[in-house]
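Structure data (PDB, C-alpha atoms and all ligand atoms) from structure-v6.pdb:
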ATOM      1  CA  MET Y   1     -39.295 -71.345  63.157
ATOM      2  CA  SER Y   2     -35.986 -73.198  63.048
ATOM      3  CA  SER Y   3     -34.400 -73.798  59.678
ATOM      4  CA  ASP Y   4     -34.665 -77.554  60.382
ATOM      5  CA  ARG Y   5     -38.413 -77.216  60.710
ATOM      6  CA  VAL Y   6     -38.641 -75.214  57.483
ATOM      7  CA  SER Y   7     -36.632 -77.916  55.709
ATOM      8  CA  GLN Y   8     -38.885 -80.586  57.166
ATOM      9  CA  ILE Y   9     -41.900 -78.832  55.671
ATOM     10  CA  ALA Y  10     -40.113 -78.516  52.330
ATOM     11  CA  GLY Y  11     -39.268 -82.213  52.468
ATOM     12  CA  HIS Y  12     -42.921 -83.124  52.971
ATOM     13  CA  LEU Y  13     -43.729 -81.166  49.854
ATOM     14  CA  ASN Y  14     -41.110 -83.106  47.954
ATOM     15  CA  TYR Y  15     -38.417 -80.563  47.196
ATOM     16  CA  PRO Y  16     -35.459 -82.785  48.050
ATOM     17  CA  LYS Y  17     -32.901 -80.168  47.028
ATOM     18  CA  GLY Y  18     -34.759 -77.391  48.798
ATOM     19  CA  MET Y  19     -37.641 -75.123  47.886
ATOM     20  CA  LEU Y  20     -35.305 -72.598  46.238
ATOM     21  CA  ALA Y  21     -32.908 -75.069  44.627
ATOM     22  CA  GLY Y  22     -30.610 -73.338  42.148
ATOM     23  CA  GLN Y  23     -32.301 -69.940  42.475
ATOM     24  CA  VAL Y  24     -30.154 -66.837  42.764
ATOM     25  CA  ALA Y  25     -31.177 -64.404  45.503
ATOM     26  CA  ILE Y  26     -30.020 -60.882  46.298
ATOM     27  CA  ILE Y  27     -30.905 -60.004  49.893
ATOM     28  CA  THR Y  28     -30.078 -56.437  50.870
ATOM     29  CA  GLY Y  29     -29.266 -55.650  54.487
ATOM     30  CA  SER Y  30     -28.333 -59.276  55.096
ATOM     31  CA  GLY Y  31     -25.278 -58.647  57.252
ATOM     32  CA  GLN Y  32     -27.384 -59.030  60.384
ATOM     33  CA  GLY Y  33     -30.918 -59.102  61.740
ATOM     34  CA  ILE Y  34     -33.812 -60.333  59.620
ATOM     35  CA  GLY Y  35     -31.807 -60.196  56.371
ATOM     36  CA  ALA Y  36     -29.023 -62.423  57.738
ATOM     37  CA  GLU Y  37     -31.576 -64.981  58.933
ATOM     38  CA  ALA Y  38     -33.260 -64.885  55.526
ATOM     39  CA  ALA Y  39     -29.881 -65.430  53.824
ATOM     40  CA  ARG Y  40     -29.287 -68.565  55.937
ATOM     41  CA  LEU Y  41     -32.803 -69.911  55.368
ATOM     42  CA  PHE Y  42     -32.677 -69.261  51.614
ATOM     43  CA  ALA Y  43     -29.283 -70.993  51.354
ATOM     44  CA  ASN Y  44     -30.596 -73.897  53.399
ATOM     45  CA  GLU Y  45     -33.310 -74.285  50.756
ATOM     46  CA  GLY Y  46     -30.760 -74.465  47.948
ATOM     47  CA  ALA Y  47     -30.560 -70.819  46.864
ATOM     48  CA  LYS Y  48     -27.314 -69.153  45.818
ATOM     49  CA  VAL Y  49     -27.350 -66.084  48.026
ATOM     50  CA  ILE Y  50     -25.783 -62.675  47.525
ATOM     51  CA  VAL Y  51     -25.267 -61.147  50.948
ATOM     52  CA  ALA Y  52     -25.511 -57.408  50.269
ATOM     53  CA  ASP Y  53     -24.880 -55.054  53.171
ATOM     54  CA  ILE Y  54     -23.104 -51.799  53.907
ATOM     55  CA  ASP Y  55     -21.176 -53.591  56.657
ATOM     56  CA  ALA Y  56     -18.414 -55.476  54.841
ATOM     57  CA  LYS Y  57     -17.270 -57.505  57.859
ATOM     58  CA  LYS Y  58     -20.735 -58.702  58.750
ATOM     59  CA  SER Y  59     -21.646 -59.529  55.131
ATOM     60  CA  ALA Y  60     -18.452 -61.560  54.782
ATOM     61  CA  ALA Y  61     -19.194 -63.396  58.044
ATOM     62  CA  VAL Y  62     -22.728 -64.338  56.960
ATOM     63  CA  ALA Y  63     -21.511 -65.586  53.562
ATOM     64  CA  GLU Y  64     -18.696 -67.547  55.181
ATOM     65  CA  ASP Y  65     -21.074 -69.113  57.677
ATOM     66  CA  ILE Y  66     -23.373 -70.226  54.828
ATOM     67  CA  ASN Y  67     -20.506 -71.671  52.766
ATOM     68  CA  LYS Y  68     -19.139 -73.539  55.787
ATOM     69  CA  SER Y  69     -22.578 -75.067  56.367
ATOM     70  CA  GLY Y  70     -22.642 -76.447  52.837
ATOM     71  CA  GLY Y  71     -24.631 -73.629  51.238
ATOM     72  CA  GLN Y  72     -23.608 -71.202  48.521
ATOM     73  CA  ALA Y  73     -23.170 -67.485  49.120
ATOM     74  CA  ILE Y  74     -21.014 -64.512  48.226
ATOM     75  CA  ALA Y  75     -20.763 -61.196  50.017
ATOM     76  CA  VAL Y  76     -21.032 -58.030  47.940
ATOM     77  CA  ALA Y  77     -20.714 -55.183  50.401
ATOM     78  CA  GLY Y  78     -21.722 -51.602  49.717
ATOM     79  CA  ASP Y  79     -24.183 -48.803  50.305
ATOM     80  CA  ILE Y  80     -27.505 -49.551  48.645
ATOM     81  CA  THR Y  81     -28.140 -45.824  48.136
ATOM     82  CA  ASP Y  82     -25.078 -45.657  45.871
ATOM     83  CA  ALA Y  83     -26.097 -46.172  42.222
ATOM     84  CA  GLU Y  84     -22.611 -47.382  41.256
ATOM     85  CA  TYR Y  85     -22.729 -50.062  43.964
ATOM     86  CA  ILE Y  86     -26.092 -51.244  42.632
ATOM     87  CA  LYS Y  87     -24.580 -51.815  39.182
ATOM     88  CA  THR Y  88     -21.773 -53.860  40.762
ATOM     89  CA  LEU Y  89     -24.230 -55.803  42.922
ATOM     90  CA  VAL Y  90     -26.398 -56.813  39.967
ATOM     91  CA  GLN Y  91     -23.381 -57.733  37.830
ATOM     92  CA  LYS Y  92     -21.808 -59.860  40.582
ATOM     93  CA  ALA Y  93     -25.131 -61.549  41.298
ATOM     94  CA  ALA Y  94     -25.603 -62.387  37.615
ATOM     95  CA  ASP Y  95     -22.031 -63.714  37.397
ATOM     96  CA  PHE Y  96     -22.575 -65.858  40.506
ATOM     97  CA  GLY Y  97     -25.846 -67.099  38.997
ATOM     98  CA  ASN Y  98     -24.393 -67.845  35.555
ATOM     99  CA  GLY Y  99     -26.501 -65.112  33.998
ATOM    100  CA  LYS Y 100     -29.571 -65.588  36.176
ATOM    101  CA  ILE Y 101     -31.165 -63.698  39.091
ATOM    102  CA  ASN Y 102     -34.440 -65.078  40.490
ATOM    103  CA  LEU Y 103     -35.094 -63.323  43.772
ATOM    104  CA  ILE Y 104     -34.599 -59.876  45.262
ATOM    105  CA  VAL Y 105     -35.409 -59.070  48.864
ATOM    106  CA  ASN Y 106     -35.322 -55.306  49.432
ATOM    107  CA  ASN Y 107     -34.672 -55.416  53.159
ATOM    108  CA  ALA Y 108     -31.859 -52.947  53.987
ATOM    109  CA  GLY Y 109     -33.054 -50.156  56.209
ATOM    110  CA  TYR Y 110     -33.051 -48.228  59.429
ATOM    111  CA  THR Y 111     -35.091 -45.539  61.118
ATOM    112  CA  TRP Y 112     -34.197 -41.879  61.726
ATOM    113  CA  ASP Y 113     -37.052 -40.698  63.881
ATOM    114  CA  GLY Y 114     -38.295 -37.239  64.817
ATOM    115  CA  VAL Y 115     -41.580 -35.500  65.468
ATOM    116  CA  ILE Y 116     -43.070 -33.748  62.463
ATOM    117  CA  HIS Y 117     -42.246 -30.159  63.442
ATOM    118  CA  LYS Y 118     -38.596 -31.022  64.163
ATOM    119  CA  MET Y 119     -37.860 -33.395  61.300
ATOM    120  CA  THR Y 120     -35.055 -32.111  59.098
ATOM    121  CA  ASP Y 121     -34.836 -32.250  55.303
ATOM    122  CA  LYS Y 122     -31.895 -34.610  55.668
ATOM    123  CA  GLN Y 123     -33.839 -37.050  57.874
ATOM    124  CA  TRP Y 124     -36.652 -36.973  55.353
ATOM    125  CA  ASP Y 125     -34.522 -37.371  52.227
ATOM    126  CA  THR Y 126     -32.278 -40.070  53.722
ATOM    127  CA  ILE Y 127     -35.125 -42.336  54.731
ATOM    128  CA  ILE Y 128     -36.976 -41.967  51.421
ATOM    129  CA  ALA Y 129     -33.728 -42.605  49.507
ATOM    130  CA  LEU Y 130     -32.950 -45.717  51.548
ATOM    131  CA  HIS Y 131     -36.380 -47.375  51.576
ATOM    132  CA  CYS Y 132     -37.808 -46.246  48.221
ATOM    133  CA  THR Y 133     -35.228 -44.921  45.759
ATOM    134  CA  ALA Y 134     -32.670 -47.660  46.487
ATOM    135  CA  PRO Y 135     -35.138 -50.537  45.863
ATOM    136  CA  PHE Y 136     -36.258 -48.758  42.679
ATOM    137  CA  ASN Y 137     -32.655 -48.471  41.455
ATOM    138  CA  LEU Y 138     -31.999 -52.118  42.263
ATOM    139  CA  VAL Y 139     -35.162 -53.432  40.616
ATOM    140  CA  ARG Y 140     -34.572 -51.253  37.536
ATOM    141  CA  ALA Y 141     -30.956 -52.386  37.248
ATOM    142  CA  ALA Y 142     -32.033 -56.022  37.603
ATOM    143  CA  ALA Y 143     -34.878 -55.664  35.068
ATOM    144  CA  PRO Y 144     -33.052 -57.528  32.275
ATOM    145  CA  TYR Y 145     -32.902 -60.583  34.568
ATOM    146  CA  PHE Y 146     -36.603 -60.431  35.467
ATOM    147  CA  ARG Y 147     -38.136 -59.532  32.100
ATOM    148  CA  VAL Y 148     -37.347 -63.001  30.803
ATOM    149  CA  LYS Y 149     -39.712 -65.568  29.306
ATOM    150  CA  ASP Y 150     -38.049 -68.831  30.262
ATOM    151  CA  GLY Y 151     -40.640 -70.144  32.725
ATOM    152  CA  ALA Y 152     -38.239 -69.887  35.677
ATOM    153  CA  HIS Y 153     -39.504 -68.681  39.043
ATOM    154  CA  ARG Y 154     -38.850 -64.989  39.763
ATOM    155  CA  CYS Y 155     -39.986 -63.011  42.736
ATOM    156  CA  ILE Y 156     -39.396 -59.682  44.453
ATOM    157  CA  ILE Y 157     -40.087 -59.109  48.133
ATOM    158  CA  ASN Y 158     -40.127 -55.613  49.589
ATOM    159  CA  ILE Y 159     -39.916 -55.150  53.322
ATOM    160  CA  SER Y 160     -42.327 -52.742  54.943
ATOM    161  CA  SER Y 161     -43.550 -52.108  58.477
ATOM    162  CA  THR Y 162     -46.681 -51.587  60.500
ATOM    163  CA  SER Y 163     -45.543 -47.936  60.491
ATOM    164  CA  GLY Y 164     -46.120 -47.880  56.727
ATOM    165  CA  VAL Y 165     -49.523 -49.522  56.956
ATOM    166  CA  HIS Y 166     -50.869 -47.756  60.058
ATOM    167  CA  GLY Y 167     -48.547 -44.754  60.621
ATOM    168  CA  ASN Y 168     -46.494 -44.237  63.780
ATOM    169  CA  ALA Y 169     -45.925 -41.080  65.823
ATOM    170  CA  GLY Y 170     -42.341 -39.899  65.413
ATOM    171  CA  GLN Y 171     -41.873 -41.749  62.128
ATOM    172  CA  LEU Y 172     -43.379 -39.539  59.417
ATOM    173  CA  ASN Y 173     -40.455 -40.160  57.040
ATOM    174  CA  TYR Y 174     -40.307 -43.917  57.666
ATOM    175  CA  SER Y 175     -44.124 -44.263  57.517
ATOM    176  CA  LEU Y 176     -44.255 -42.584  54.105
ATOM    177  CA  ALA Y 177     -41.338 -44.617  52.801
ATOM    178  CA  LYS Y 178     -42.744 -47.924  54.028
ATOM    179  CA  ALA Y 179     -46.236 -47.064  52.732
ATOM    180  CA  GLY Y 180     -44.645 -46.283  49.361
ATOM    181  CA  VAL Y 181     -43.259 -49.802  49.235
ATOM    182  CA  THR Y 182     -46.776 -51.240  48.912
ATOM    183  CA  GLY Y 183     -47.578 -49.298  45.713
ATOM    184  CA  PHE Y 184     -44.102 -50.076  44.376
ATOM    185  CA  THR Y 185     -44.744 -53.789  44.985
ATOM    186  CA  LYS Y 186     -48.152 -53.807  43.291
ATOM    187  CA  THR Y 187     -46.841 -51.949  40.256
ATOM    188  CA  ILE Y 188     -44.088 -54.519  39.759
ATOM    189  CA  ALA Y 189     -46.709 -57.277  40.096
ATOM    190  CA  LYS Y 190     -48.878 -55.616  37.438
ATOM    191  CA  GLU Y 191     -46.046 -54.767  35.021
ATOM    192  CA  TRP Y 192     -44.011 -57.962  35.215
ATOM    193  CA  GLY Y 193     -46.672 -60.520  36.165
ATOM    194  CA  PRO Y 194     -48.612 -60.882  32.907
ATOM    195  CA  ALA Y 195     -45.768 -61.496  30.444
ATOM    196  CA  PHE Y 196     -42.984 -62.743  32.685
ATOM    197  CA  GLY Y 197     -44.750 -64.392  35.637
ATOM    198  CA  VAL Y 198     -42.783 -62.323  38.161
ATOM    199  CA  ARG Y 199     -44.383 -62.273  41.614
ATOM    200  CA  SER Y 200     -43.969 -59.223  43.854
ATOM    201  CA  ASN Y 201     -45.105 -58.957  47.464
ATOM    202  CA  THR Y 202     -44.635 -56.724  50.477
ATOM    203  CA  ILE Y 203     -43.987 -58.098  53.941
ATOM    204  CA  ALA Y 204     -44.797 -55.675  56.743
ATOM    205  CA  PHE Y 205     -43.200 -56.543  60.062
ATOM    206  CA  GLY Y 206     -44.381 -55.528  63.502
ATOM    207  CA  HIS Y 207     -42.019 -55.681  66.493
ATOM    208  CA  ILE Y 208     -39.104 -57.970  65.641
ATOM    209  CA  LEU Y 209     -36.185 -58.401  68.047
ATOM    210  CA  THR Y 210     -33.245 -56.863  66.198
ATOM    211  CA  ARG Y 211     -30.989 -53.916  67.025
ATOM    212  CA  LEU Y 212     -33.709 -51.623  65.608
ATOM    213  CA  THR Y 213     -35.934 -52.526  68.549
ATOM    214  CA  ALA Y 214     -33.218 -53.123  71.180
ATOM    215  CA  ALA Y 215     -32.507 -50.576  73.923
ATOM    216  CA  LYS Y 216     -31.307 -47.302  72.427
ATOM    217  CA  GLU Y 217     -28.980 -47.068  75.417
ATOM    218  CA  ASN Y 218     -26.974 -50.018  73.963
ATOM    219  CA  GLY Y 219     -25.417 -47.328  71.790
ATOM    220  CA  ASP Y 220     -26.046 -48.982  68.421
ATOM    221  CA  PHE Y 221     -25.904 -46.515  65.576
ATOM    222  CA  VAL Y 222     -25.781 -46.326  61.800
ATOM    223  CA  LYS Y 223     -23.912 -43.753  59.737
ATOM    224  CA  GLY Y 224     -25.984 -41.179  57.848
ATOM    225  CA  PRO Y 225     -25.170 -39.805  54.386
ATOM    226  CA  ASP Y 226     -22.502 -37.437  55.752
ATOM    227  CA  GLY Y 227     -21.088 -39.903  58.240
ATOM    228  CA  GLU Y 228     -23.243 -38.616  61.104
ATOM    229  CA  LYS Y 229     -24.090 -41.088  63.869
ATOM    230  CA  ILE Y 230     -27.790 -41.964  63.903
ATOM    231  CA  ALA Y 231     -28.748 -43.717  67.118
ATOM    232  CA  ILE Y 232     -31.101 -46.662  66.644
ATOM    233  CA  GLY Y 233     -33.248 -48.620  69.079
ATOM    234  CA  ILE Y 234     -36.098 -47.873  71.455
ATOM    235  CA  PRO Y 235     -35.309 -45.630  74.461
ATOM    236  CA  GLN Y 236     -35.608 -47.600  77.701
ATOM    237  CA  LYS Y 237     -37.824 -44.954  79.200
ATOM    238  CA  THR Y 238     -40.313 -45.432  76.358
ATOM    239  CA  ALA Y 239     -40.191 -49.207  76.886
ATOM    240  CA  ALA Y 240     -40.449 -48.813  80.679
ATOM    241  CA  ALA Y 241     -43.375 -46.382  80.377
ATOM    242  CA  ALA Y 242     -45.178 -48.892  78.172
ATOM    243  CA  GLY Y 243     -44.426 -51.739  80.625
ATOM    244  CA  ASP Y 244     -46.690 -54.725  80.103
ATOM    245  CA  ALA Y 245     -48.643 -52.672  77.577
ATOM    246  CA  MET Y 246     -45.669 -52.882  75.188
ATOM    247  CA  PHE Y 247     -47.100 -56.024  73.612
ATOM    248  CA  ALA Y 248     -50.711 -55.701  74.773
ATOM    249  CA  ASP Y 249     -51.992 -54.990  71.262
ATOM    250  CA  ILE Y 250     -50.232 -58.047  69.831
ATOM    251  CA  ALA Y 251     -52.512 -61.090  69.763
ATOM    252  CA  LEU Y 252     -49.555 -63.369  70.552
ATOM    253  CA  ARG Y 253     -48.438 -60.945  73.331
ATOM    254  CA  ARG Y 254     -44.785 -61.078  72.344
ATOM    255  CA  PRO Y 255     -42.366 -59.699  69.795
ATOM    256  CA  GLY Y 256     -41.181 -61.853  66.892
ATOM    257  CA  THR Y 257     -37.700 -63.293  66.487
ATOM    258  CA  PRO Y 258     -35.555 -62.553  63.421
ATOM    259  CA  ALA Y 259     -35.855 -66.254  62.496
ATOM    260  CA  GLU Y 260     -39.655 -66.033  62.580
ATOM    261  CA  ALA Y 261     -39.574 -62.888  60.442
ATOM    262  CA  ALA Y 262     -37.155 -64.471  57.967
ATOM    263  CA  SER Y 263     -39.261 -67.647  57.799
ATOM    264  CA  ALA Y 264     -42.126 -65.525  56.477
ATOM    265  CA  VAL Y 265     -39.783 -64.102  53.825
ATOM    266  CA  LEU Y 266     -38.805 -67.634  52.825
ATOM    267  CA  ALA Y 267     -42.449 -68.700  52.716
ATOM    268  CA  VAL Y 268     -43.326 -65.844  50.351
ATOM    269  CA  ALA Y 269     -40.297 -66.591  48.144
ATOM    270  CA  SER Y 270     -41.124 -70.305  48.050
ATOM    271  CA  PRO Y 271     -43.385 -72.330  45.752
ATOM    272  CA  LEU Y 272     -45.903 -72.406  48.619
ATOM    273  CA  PHE Y 273     -46.770 -68.833  47.584
ATOM    274  CA  SER Y 274     -46.768 -69.414  43.823
ATOM    275  CA  TYR Y 275     -50.249 -67.890  43.409
ATOM    276  CA  VAL Y 276     -49.739 -64.934  45.745
ATOM    277  CA  THR Y 277     -48.673 -61.628  44.242
ATOM    278  CA  GLY Y 278     -49.233 -57.923  44.841
ATOM    279  CA  GLN Y 279     -50.056 -58.513  48.498
ATOM    280  CA  THR Y 280     -48.976 -56.965  51.775
ATOM    281  CA  ILE Y 281     -48.405 -59.791  54.222
ATOM    282  CA  MET Y 282     -48.546 -58.676  57.854
ATOM    283  CA  VAL Y 283     -46.003 -60.485  60.030
ATOM    284  CA  THR Y 284     -46.872 -58.927  63.343
ATOM    285  CA  GLY Y 285     -48.086 -61.652  65.714
ATOM    286  CA  GLY Y 286     -51.555 -60.210  65.160
ATOM    287  CA  ARG Y 287     -50.898 -56.534  65.947
ATOM    288  CA  ASN Y 288     -53.326 -53.857  64.652
ATOM    289  CA  MET Y 289     -56.154 -56.255  63.805
TER     290      MET Y 289
HETATM  291  N1  LIG Y 301     -36.997 -54.974  63.570
HETATM  292  C1  LIG Y 301     -38.260 -54.581  63.426
HETATM  293  O1  LIG Y 301     -39.049 -54.563  64.384
HETATM  294  C2  LIG Y 301     -38.761 -54.135  62.070
HETATM  295  C3  LIG Y 301     -40.130 -53.817  61.966
HETATM  296  C4  LIG Y 301     -40.629 -53.414  60.740
HETATM  297  C5  LIG Y 301     -39.811 -53.349  59.638
HETATM  298  N2  LIG Y 301     -38.477 -53.648  59.767
HETATM  299  C6  LIG Y 301     -37.654 -53.541  58.571
HETATM  300  O2  LIG Y 301     -36.958 -54.747  58.372
HETATM  301  C7  LIG Y 301     -35.753 -54.491  57.647
HETATM  302  C8  LIG Y 301     -34.588 -55.169  58.348
HETATM  303  O3  LIG Y 301     -34.393 -54.569  59.619
HETATM  304  P1  LIG Y 301     -33.733 -55.313  60.887
HETATM  305  O4  LIG Y 301     -34.690 -55.133  62.006
HETATM  306  O5  LIG Y 301     -33.266 -56.649  60.516
HETATM  307  O6  LIG Y 301     -32.537 -54.301  61.166
HETATM  308  P2  LIG Y 301     -30.964 -54.547  61.338
HETATM  309  O7  LIG Y 301     -30.406 -53.228  61.705
HETATM  310  O8  LIG Y 301     -30.705 -55.697  62.224
HETATM  311  O9  LIG Y 301     -30.508 -54.956  59.860
HETATM  312  C9  LIG Y 301     -30.586 -54.034  58.797
HETATM  313  C10 LIG Y 301     -29.367 -54.217  57.906
HETATM  314  O10 LIG Y 301     -29.438 -53.256  56.848
HETATM  315  C11 LIG Y 301     -28.134 -52.781  56.605
HETATM  316  N3  LIG Y 301     -28.167 -51.467  55.976
HETATM  317  C12 LIG Y 301     -28.589 -50.306  56.522
HETATM  318  N4  LIG Y 301     -28.388 -49.299  55.666
HETATM  319  C13 LIG Y 301     -27.840 -49.828  54.554
HETATM  320  C14 LIG Y 301     -27.412 -49.284  53.312
HETATM  321  N5  LIG Y 301     -27.469 -47.971  53.074
HETATM  322  N6  LIG Y 301     -26.904 -50.125  52.377
HETATM  323  C15 LIG Y 301     -26.804 -51.453  52.623
HETATM  324  N7  LIG Y 301     -27.173 -52.024  53.780
HETATM  325  C16 LIG Y 301     -27.691 -51.217  54.743
HETATM  326  C17 LIG Y 301     -27.496 -52.718  57.979
HETATM  327  O11 LIG Y 301     -26.063 -52.687  57.923
HETATM  328  C18 LIG Y 301     -28.052 -53.966  58.636
HETATM  329  O12 LIG Y 301     -27.177 -55.070  58.469
HETATM  330  C19 LIG Y 301     -35.629 -52.973  57.533
HETATM  331  O13 LIG Y 301     -36.094 -52.555  56.276
HETATM  332  C20 LIG Y 301     -36.563 -52.483  58.623
HETATM  333  O14 LIG Y 301     -37.039 -51.190  58.361
HETATM  334  C21 LIG Y 301     -37.939 -54.056  60.947
END
Using structure tokens, write down the structure that the file contains.
Ligand SMILES: NC(=O)c1ccc[n+]([C@@H]2O[C@H](COP(=O)([O-])OP(=O)(O)OC[C@H]3O[C@@H](n4cnc5c(N)ncnc54)[C@H](O)[C@@H]3O)[C@@H](O)[C@H]2O)c1
Amino acid sequence: MSSDRVSQIAGHLNYPKGMLAGQVAIITGSGQGIGAEAARLFANEGAKVIVADIDAKKSAAVAEDINKSGGQAIAVAGDITDAEYIKTLVQKAADFGNGKINLIVNNAGYTWDGVIHKMTDKQWDTIIALHCTAPFNLVRAAAPYFRVKDGAHRCIINISSTSGVHGNAGQLNYSLAKAGVTGFTKTIAKEWGPAFGVRSNTIAFGHILTRLTAAKENGDFVKGPDGEKIAIGIPQKTAAAAGDAMFADIALRRPGTPAEAASAVLAVASPLFSYVTGQTIMVTGGRNM
């Protein structure tokens, strides 16, 4: 959905300054892909966005783009698995928000695949650290800004995957990590919902067109904990072997765009979802029904 269309909907619901007006949002992994689209959509709805990504150049570009378009954003680049960076991120977000943080989207991530009998300890530990421990550290560090009784809207969104909900061959580490996100989400909803009104939801994506699902042969890679190159993407021979069947189990018979994925994140963060918490929302075009 285009950001214009999202704004149109917001307008109909009478949020003239945007559905997230004045709210302060940390979005991890927002230097590109789904996170970058979410940063733009959130800013377009009036949020002050903290673009948090390990890629300093890309984070700066997203923040600059938002500011040039009349929105408000700052880039705070760093590695989300680094506890010191998390302290800085929370502090800078609170400073930018004049002492307030309303929204966290735990989105940063990548895959490091391998079949079970060949998966290394490092593959295992890296993926759990990135998708589970890092969100825990961030949410814990931001707790003082969420355990607040001032009636303001506060919400946490954790990004999962169909691999976490249904499992996926070759992704034992990622499947466990993304499944873990659902229990993490529900616990936040149960701990911080009653007294503080904090909402917490998981969004599980299916096949979204980002570099994670692009051709592996494009040569895109991320750097592992010791600087090793981890190739990302889907090998062309896997895609070619699947052929038309690639999207046959998707009711809409196509992958999703990053803008469509990010629109779902905005929807969950928005007042439209004010009575939805503890849920896993499947954004898959109807895969795995
Ligand atoms: N693309 C899909 O089909 C798909 C499907 C299911 C779930 N997801 C999940 O959606 C989220 C976003 O993925 P995407 O497809 O937009 O990928 P992407 O590669 O386009 O974007 C991910 C971003 O996370 C950042 N990142 C990675 N490691 C980081 C770290 N240690 N610290 C800070 N930032 C880091 C990257 O630099 C990148 O900008 C991920 O959690 C991914 O697992 C994606």
- Would you translate the PyMOL selection byres (((chain Y and resi 262-268) around 9) and not hetatm) into the concrete set of residues it matches in this file, as a PyMOL selection string? chain Y and resi 1-3+6+20+34-39+41-42+45+105+155+157+159+201+203+257-261+269-274+276+281+283
Contact check, chain Y to ligand LIG 301 (chain Y), at most 6 Å, counting only C-alpha atoms and all ligand atoms, closest pairs as a Markdown table:
| residue | atom | partner | partner_atom | distance |
| --- | --- | --- | --- | --- |
| Y:Gly29 | CA | Y:LIG301 | O10 | 3.4 |
| Y:Ser30 | CA | Y:LIG301 | O12 | 5.5 |
| Y:Gly31 | CA | Y:LIG301 | O12 | 4.2 |
| Y:Gln32 | CA | Y:LIG301 | O12 | 4.4 |
| Y:Gly33 | CA | Y:LIG301 | O8 | 3.4 |
| Y:Ile34 | CA | Y:LIG301 | O5 | 3.8 |
| Y:Gly35 | CA | Y:LIG301 | O5 | 5.6 |
| Y:Asp53 | CA | Y:LIG301 | N7 | 3.8 |
| Y:Ile54 | CA | Y:LIG301 | C15 | 3.9 |
| Y:Asp55 | CA | Y:LIG301 | O11 | 5.1 |
| Y:Gly78 | CA | Y:LIG301 | C15 | 5.9 |
| Y:Asp79 | CA | Y:LIG301 | N6 | 3.7 |
| Y:Ile80 | CA | Y:LIG301 | N6 | 3.8 |
| Y:Thr81 | CA | Y:LIG301 | N5 | 5.4 |
| Y:Asn107 | CA | Y:LIG301 | O13 | 4.5 |
| Y:Ala108 | CA | Y:LIG301 | O10 | 3.8 |
| Y:Gly109 | CA | Y:LIG301 | O13 | 3.9 |
| Y:Tyr110 | CA | Y:LIG301 | O14 | 5.1 |
| Y:Ile159 | CA | Y:LIG301 | O13 | 5.5 |
| Y:Ser160 | CA | Y:LIG301 | C5 | 5.4 |
| Y:Ser161 | CA | Y:LIG301 | C4 | 3.9 |
| Y:Phe205 | CA | Y:LIG301 | C4 | 4.1 |
| Y:Gly206 | CA | Y:LIG301 | C3 | 4.8 |
| Y:His207 | CA | Y:LIG301 | O1 | 3.8 |
| Y:Ile208 | CA | Y:LIG301 | O1 | 3.6 |
| Y:Leu209 | CA | Y:LIG301 | N1 | 5.7 |
| Y:Thr210 | CA | Y:LIG301 | O4 | 4.8 |
| Y:Arg211 | CA | Y:LIG301 | O8 | 5.1 |
| Y:Leu212 | CA | Y:LIG301 | N1 | 5.1 |
| Y:Thr213 | CA | Y:LIG301 | O1 | 5.6 |
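Residue nearest Val51 of chain Y, chosen from Y:Asp113, Y:Asp244, Y:Asp65, Y:Glu228 and counting all atoms listed in the file: Y:Asp65.
Picture a line from atom CA of Thr182 of chain Y to atom CA of Val139 of chain Y; it runs 14.4 Å.
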Quick one: residues within 8 Å of Thr185 of chain Y, all atoms listed in the file, excluding same-chain residues fewer than 5 positions away - as a list in words? Ile156, Ile157, Asn158, Ser200, Asn201, Thr202, Gly278 and Gln279 of chain Y
Checklist line | Hits of the PyMOL selection byres (((chain Y and resi 229-234) around 12) and not hetatm) in this structure, as a PyMOL selection string | finding: chain Y and resi 109-114+122-123+126-127+170+207-228+235-242+246
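Taking atom CA of Tyr174 of chain Y and atom CA of Asn288 of chain Y as endpoints, the distance between them is 17.8 Å.
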So which residues get picked by the PyMOL selection byres (((chain Y and resi 189) around 8) and not hetatm) here, written as a ChimeraX atom specification? /Y:185-188,190-193,198-201,277-278
*Identify, on the basis of only C-alpha atoms, every residue whose closest approach to Ala93 of chain Y does not exceed 12 Å; exclude the query and any residue fewer than 4 positions from it along the same chain; express the result as a count of residues only.*
32
Correct to one decimal, the distance atom CA of Arg287 of chain Y-atom CA of Phe184 of chain Y is 23.5 Å
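You can rank Y:Lys92, Y:Arg140, Y:Lys58, Y:Arg40 by their closest distance to Gly70 of chain Y using only C-alpha atoms, and at the top of that list sits Y:Arg40.
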Please return the centre and edge lengths, in Å to one decimal, of a box with edges along x, y and z that contains all listed atoms of segment 157-175 of chain Y, widened by 5 Å on every side, as AutoDock Vina command-line options.
--center_x -45.4 --center_y -49.3 --center_z 57.0 --size_x 21.0 --size_y 29.6 --size_z 27.7
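Shortest atom-to-atom contact with Ala204 of chain Y among Y:Asn106, Y:Asn137, Y:Ala21, Y:Ile116: Y:Asn106, counting all atoms listed in the file.
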